[in-house]
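Beneath this line is the structure, given in structure tokens, with notes to follow.
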Amino acid sequence: MTVLTLHSEPLREEWLDAYGHLNEAYYLVPFSNATWILQEHFNIGVPYFEETGCAIYTVETHLRYLKEVRHPATMDIESMILGVEQKKIWFAHRMMVDGVECASGEFMTLHYDTRRQRVTQMPETVRAHLRSVRIEPLPDWVGRRIRPIPG
């Protein structure tokens with residue numbers, strides 16, 4: 001099981017809601033910041049974009065809010081590669097505070113060529129690097145969906 005711990009950041013007071021805990025919208029901010037670091041780790045970050053015009057675009061996100069986060073706190077983000085295809089990366093982040101899981105985010109991204117304005121294949125070297133750290137077995141919380149309430 002490969003869990004990457006590449007990003008950590010403090011909770012900012014301006015992210016708190018009227019109840020004094022992390023506002024739901026701001027759970028995504030540390031996950032987004034961790035995604036930038038994750039891209040750099042796999043050499044598909046800003047320098048890659050500047051050279052190739054290709055970027056990683058998020059097309060779907062699923063957040064789970066598991067425990068409130070109150071100030072002061074440091075959010076440690078764990079990242080996991082769940083799957084890789086020629087044009088897609090499926091990954092997840094877990095937000096840990098003092099060793100306790102407070103949230104998770106699951107993300108589907110596409111490799112997008114901004115110059116040609118279309119989804120395109122990632123280089124095989126990038127895919128191989130991503131596959132080499134793919135987590136197995138998948139955590140039981142990935143792949144879930146919100147179901148309608150009956151009646």
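Ligands are numbered from 1 in the order shown, residues from 1 within each chain, and chains are lettered A, B, ... in the order they appear in the structure tokens.
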Counting only C-alpha atoms, which residues in range 102-127 of chain A sit no more than 10 Å from range 10-30 of chain A? For each one, give the nearest pair of atoms and the distance in Å, sorted by chain then residue number, as CSV.
residue,atom,partner,partner_atom,distance
A:Cys102,CA,A:Tyr27,CA,9.5
A:Ala103,CA,A:Tyr27,CA,7.6
A:Ser104,CA,A:Tyr27,CA,9.0
A:Gly105,CA,A:Leu28,CA,7.8
Please identify all polymer residues within 7 Å of range 138-150 of chain A, counting only C-alpha atoms, omitting same-chain residues fewer than 3 positions from it, and present them as a ChimeraX atom specification.
-> /A:82,106,135
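The space separating CA of Thr5 in chain A from CA of Gly53 in chain A comes to 27.5 Å.
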Using only C-alpha atoms, find the one residue out of A:Val133, A:Ile37, A:Val46, A:Cys54 that sits nearest to Val3 in chain A.
-> A:Val133
Helix (DSSP H, G or I) call set, DSSP backbone run, range 14-151 of chain A, as a ChimeraX atom specification = /A:14-15,24-41,46-52,124-132
Once you have the residues from the selection above, write them out as a tab-separated table (two decimals), in the first residue's frame, restricted to C-alpha atoms.
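New file part_13.tsv:
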chain	number	residue	atom	x	y	z
A	14	GLU	CA	-10.69	32.92	7.66
A	15	TRP	CA	-11.77	29.38	6.67
A	24	GLU	CA	-17.39	22.84	4.14
A	25	ALA	CA	-16.15	24.77	1.10
A	26	TYR	CA	-12.66	25.05	2.56
A	27	TYR	CA	-12.13	21.31	2.95
A	28	LEU	CA	-11.43	21.30	-0.79
A	29	VAL	CA	-8.71	23.97	-0.54
A	30	PRO	CA	-6.04	21.82	1.21
A	31	PHE	CA	-6.96	18.93	-1.13
A	32	SER	CA	-6.47	21.21	-4.14
A	33	ASN	CA	-3.15	22.42	-2.73
A	34	ALA	CA	-2.10	18.79	-2.23
A	35	THR	CA	-3.04	18.01	-5.84
A	36	TRP	CA	-0.60	20.66	-7.09
A	37	ILE	CA	2.14	19.05	-4.99
A	38	LEU	CA	1.12	15.58	-6.22
A	39	GLN	CA	1.39	16.76	-9.84
A	40	GLU	CA	4.88	18.12	-9.18
A	41	HIS	CA	5.85	14.80	-7.55
A	46	VAL	CA	3.61	23.69	-13.86
A	47	PRO	CA	6.97	23.09	-15.63
A	48	TYR	CA	5.35	20.19	-17.56
A	49	PHE	CA	2.47	22.48	-18.54
A	50	GLU	CA	4.84	25.24	-19.64
A	51	GLU	CA	6.82	22.78	-21.79
A	52	THR	CA	3.97	20.73	-23.29
A	124	GLU	CA	4.02	6.28	-20.85
A	125	THR	CA	6.78	7.26	-18.40
A	126	VAL	CA	4.25	9.28	-16.37
A	127	ARG	CA	1.67	6.47	-16.46
A	128	ALA	CA	4.29	3.93	-15.39
A	129	HIS	CA	5.37	6.11	-12.47
A	130	LEU	CA	1.73	6.55	-11.38
A	131	ARG	CA	1.02	2.81	-11.73
A	132	SER	CA	4.08	1.98	-9.63
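Of the listed residues A:Leu63, A:Met75, A:Val84, A:Met95, the one whose atoms come nearest to Phe107 in chain A is A:Leu63, with distances taken using only C-alpha atoms.
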Contacts of Lys88 in chain A at 12 Å (only C-alpha atoms; same-chain gap of 6+ positions) as a short mmCIF file (atom, residue, chain, number, x, y, z; two decimals) with all heavy atoms, in the first residue's frame:
data_model
loop_
_atom_site.label_atom_id
_atom_site.label_comp_id
_atom_site.auth_asym_id
_atom_site.auth_seq_id
_atom_site.Cartn_x
_atom_site.Cartn_y
_atom_site.Cartn_z
N ALA A 55 -2.08 19.68 -19.17
CA ALA A 55 -2.40 19.89 -17.77
C ALA A 55 -3.32 18.79 -17.29
O ALA A 55 -3.92 18.07 -18.09
CB ALA A 55 -3.07 21.25 -17.59
N ILE A 56 -3.44 18.68 -15.98
CA ILE A 56 -4.36 17.74 -15.37
C ILE A 56 -5.59 18.52 -14.95
O ILE A 56 -5.50 19.44 -14.14
CB ILE A 56 -3.71 17.05 -14.15
CG1 ILE A 56 -2.40 16.37 -14.54
CG2 ILE A 56 -4.67 16.07 -13.50
CD1 ILE A 56 -2.51 15.35 -15.65
N TYR A 57 -6.74 18.18 -15.54
CA TYR A 57 -8.00 18.86 -15.24
C TYR A 57 -8.89 17.93 -14.44
O TYR A 57 -9.13 16.79 -14.83
CB TYR A 57 -8.73 19.22 -16.53
CG TYR A 57 -8.24 20.46 -17.24
CD1 TYR A 57 -7.03 21.06 -16.95
CD2 TYR A 57 -9.02 21.03 -18.24
CE1 TYR A 57 -6.60 22.20 -17.62
CE2 TYR A 57 -8.60 22.16 -18.92
CZ TYR A 57 -7.39 22.74 -18.61
OH TYR A 57 -6.98 23.86 -19.28
N THR A 58 -9.40 18.43 -13.32
CA THR A 58 -10.34 17.65 -12.51
C THR A 58 -11.72 17.72 -13.15
O THR A 58 -12.20 18.80 -13.48
CB THR A 58 -10.41 18.21 -11.07
OG1 THR A 58 -9.10 18.17 -10.51
CG2 THR A 58 -11.37 17.41 -10.21
N VAL A 59 -12.34 16.55 -13.33
CA VAL A 59 -13.67 16.51 -13.93
C VAL A 59 -14.74 16.00 -12.95
O VAL A 59 -15.94 16.17 -13.21
CB VAL A 59 -13.70 15.67 -15.23
CG1 VAL A 59 -12.87 16.36 -16.31
CG2 VAL A 59 -13.21 14.26 -15.00
N GLU A 60 -14.31 15.38 -11.85
CA GLU A 60 -15.28 14.93 -10.85
C GLU A 60 -14.59 14.82 -9.50
O GLU A 60 -13.43 14.42 -9.40
CB GLU A 60 -15.87 13.57 -11.24
CG GLU A 60 -17.01 13.14 -10.36
CD GLU A 60 -17.76 11.93 -10.90
OE1 GLU A 60 -17.65 11.61 -12.10
OE2 GLU A 60 -18.46 11.30 -10.09
N ILE A 81 -2.83 7.05 -5.26
CA ILE A 81 -3.20 6.82 -6.66
C ILE A 81 -4.09 5.58 -6.68
O ILE A 81 -3.69 4.51 -6.23
CB ILE A 81 -1.95 6.63 -7.55
CG1 ILE A 81 -1.03 7.84 -7.46
CG2 ILE A 81 -2.38 6.34 -9.01
CD1 ILE A 81 -1.64 9.17 -7.85
N LEU A 82 -5.31 5.74 -7.21
CA LEU A 82 -6.28 4.64 -7.24
C LEU A 82 -6.30 3.92 -8.58
O LEU A 82 -6.59 2.72 -8.64
CB LEU A 82 -7.68 5.18 -6.92
CG LEU A 82 -7.82 5.97 -5.61
CD1 LEU A 82 -9.20 6.58 -5.51
CD2 LEU A 82 -7.50 5.10 -4.42
N PHE A 107 -10.94 12.00 -6.61
CA PHE A 107 -10.86 12.88 -7.78
C PHE A 107 -10.62 12.08 -9.06
O PHE A 107 -9.78 11.19 -9.09
CB PHE A 107 -9.70 13.87 -7.61
CG PHE A 107 -9.79 14.66 -6.33
CD1 PHE A 107 -9.28 14.15 -5.15
CD2 PHE A 107 -10.41 15.89 -6.31
CE1 PHE A 107 -9.38 14.86 -3.96
CE2 PHE A 107 -10.52 16.62 -5.13
CZ PHE A 107 -10.01 16.10 -3.95
N MET A 108 -11.35 12.42 -10.10
CA MET A 108 -11.12 11.89 -11.44
C MET A 108 -10.59 13.06 -12.27
O MET A 108 -11.22 14.12 -12.33
CB MET A 108 -12.38 11.32 -12.06
CG MET A 108 -12.16 10.73 -13.44
SD MET A 108 -11.00 9.34 -13.48
CE MET A 108 -11.93 8.09 -12.62
N THR A 109 -9.44 12.84 -12.89
CA THR A 109 -8.83 13.90 -13.69
C THR A 109 -8.54 13.40 -15.09
O THR A 109 -8.39 12.21 -15.33
CB THR A 109 -7.52 14.39 -13.04
OG1 THR A 109 -6.60 13.30 -12.96
CG2 THR A 109 -7.76 14.95 -11.65
N LEU A 110 -8.46 14.36 -16.00
CA LEU A 110 -8.12 14.07 -17.39
C LEU A 110 -6.84 14.79 -17.76
O LEU A 110 -6.58 15.91 -17.29
CB LEU A 110 -9.24 14.52 -18.33
CG LEU A 110 -10.59 13.84 -18.16
CD1 LEU A 110 -11.61 14.48 -19.10
CD2 LEU A 110 -10.49 12.35 -18.41
N HIS A 111 -6.07 14.19 -18.63
CA HIS A 111 -4.85 14.80 -19.17
C HIS A 111 -5.29 15.61 -20.40
O HIS A 111 -5.73 15.05 -21.39
CB HIS A 111 -3.85 13.70 -19.55
CG HIS A 111 -2.55 14.22 -20.02
ND1 HIS A 111 -2.18 14.21 -21.35
CD2 HIS A 111 -1.50 14.74 -19.33
CE1 HIS A 111 -0.97 14.71 -21.46
NE2 HIS A 111 -0.53 15.04 -20.25
N TYR A 112 -5.18 16.93 -20.29
CA TYR A 112 -5.76 17.82 -21.30
C TYR A 112 -4.67 18.65 -21.97
O TYR A 112 -3.84 19.27 -21.31
CB TYR A 112 -6.78 18.75 -20.63
CG TYR A 112 -7.59 19.56 -21.59
CD1 TYR A 112 -8.67 19.00 -22.26
CD2 TYR A 112 -7.28 20.88 -21.84
CE1 TYR A 112 -9.43 19.74 -23.15
CE2 TYR A 112 -8.02 21.64 -22.73
CZ TYR A 112 -9.09 21.06 -23.39
OH TYR A 112 -9.84 21.80 -24.27
N VAL A 119 -8.61 16.27 -24.81
CA VAL A 119 -8.01 15.27 -23.94
C VAL A 119 -7.03 14.46 -24.77
O VAL A 119 -7.30 14.13 -25.93
CB VAL A 119 -9.12 14.37 -23.33
CG1 VAL A 119 -8.51 13.27 -22.48
CG2 VAL A 119 -10.09 15.21 -22.50
N THR A 120 -5.89 14.15 -24.17
CA THR A 120 -4.85 13.43 -24.89
C THR A 120 -4.12 12.46 -23.96
O THR A 120 -4.20 12.59 -22.74
CB THR A 120 -3.85 14.43 -25.52
OG1 THR A 120 -2.96 13.73 -26.37
CG2 THR A 120 -3.07 15.19 -24.48
N GLN A 121 -3.42 11.52 -24.53
CA GLN A 121 -2.66 10.53 -23.77
C GLN A 121 -1.53 11.16 -22.98
O GLN A 121 -0.86 12.07 -23.48
CB GLN A 121 -2.03 9.51 -24.73
CG GLN A 121 -2.82 8.28 -24.91
CD GLN A 121 -2.07 7.27 -25.77
OE1 GLN A 121 -2.63 6.83 -26.72
NE2 GLN A 121 -0.84 6.91 -25.45
N MET A 122 -1.31 10.63 -21.78
CA MET A 122 -0.13 11.02 -21.00
C MET A 122 1.06 10.22 -21.52
O MET A 122 0.88 9.11 -22.03
CB MET A 122 -0.33 10.64 -19.53
CG MET A 122 -1.21 11.57 -18.76
SD MET A 122 -1.41 10.98 -17.06
CE MET A 122 -2.71 9.76 -17.30
N PRO A 123 2.25 10.74 -21.34
CA PRO A 123 3.43 9.95 -21.71
C PRO A 123 3.47 8.65 -20.90
O PRO A 123 3.08 8.61 -19.73
CB PRO A 123 4.60 10.86 -21.32
CG PRO A 123 4.02 12.25 -21.31
CD PRO A 123 2.60 12.08 -20.88
N VAL A 126 5.10 8.73 -17.44
CA VAL A 126 4.25 9.28 -16.37
C VAL A 126 3.28 8.21 -15.89
O VAL A 126 3.14 7.98 -14.69
CB VAL A 126 3.49 10.54 -16.86
CG1 VAL A 126 2.46 10.98 -15.83
CG2 VAL A 126 4.47 11.66 -17.17
N ARG A 127 2.63 7.52 -16.84
CA ARG A 127 1.67 6.47 -16.46
C ARG A 127 2.36 5.37 -15.66
O ARG A 127 1.83 4.87 -14.67
CB ARG A 127 0.98 5.91 -17.70
CG ARG A 127 0.07 6.94 -18.37
CD ARG A 127 -0.89 6.35 -19.39
NE ARG A 127 -0.39 5.32 -20.27
CZ ARG A 127 0.06 5.52 -21.51
NH1 ARG A 127 0.09 6.74 -22.02
NH2 ARG A 127 0.47 4.51 -22.25
N LEU A 130 3.00 6.55 -12.12
CA LEU A 130 1.73 6.55 -11.38
C LEU A 130 1.32 5.12 -11.01
O LEU A 130 0.93 4.84 -9.87
CB LEU A 130 0.63 7.24 -12.18
CG LEU A 130 0.75 8.75 -12.33
CD1 LEU A 130 -0.08 9.25 -13.50
CD2 LEU A 130 0.36 9.45 -11.04
N ARG A 131 1.41 4.20 -11.98
CA ARG A 131 1.02 2.81 -11.73
C ARG A 131 1.91 2.16 -10.65
O ARG A 131 1.45 1.31 -9.89
CB ARG A 131 1.10 1.98 -13.01
CG ARG A 131 -0.08 2.17 -13.95
CD ARG A 131 -0.12 1.12 -15.05
NE ARG A 131 1.10 1.06 -15.84
CZ ARG A 131 1.30 1.73 -16.97
NH1 ARG A 131 0.36 2.52 -17.47
NH2 ARG A 131 2.45 1.61 -17.62
#
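For the choices A:Ile44, A:Asp113, A:Glu136, A:Ile77, the atom-to-atom distance to Leu6 in chain A is smallest for A:Ile77 when using only C-alpha atoms.
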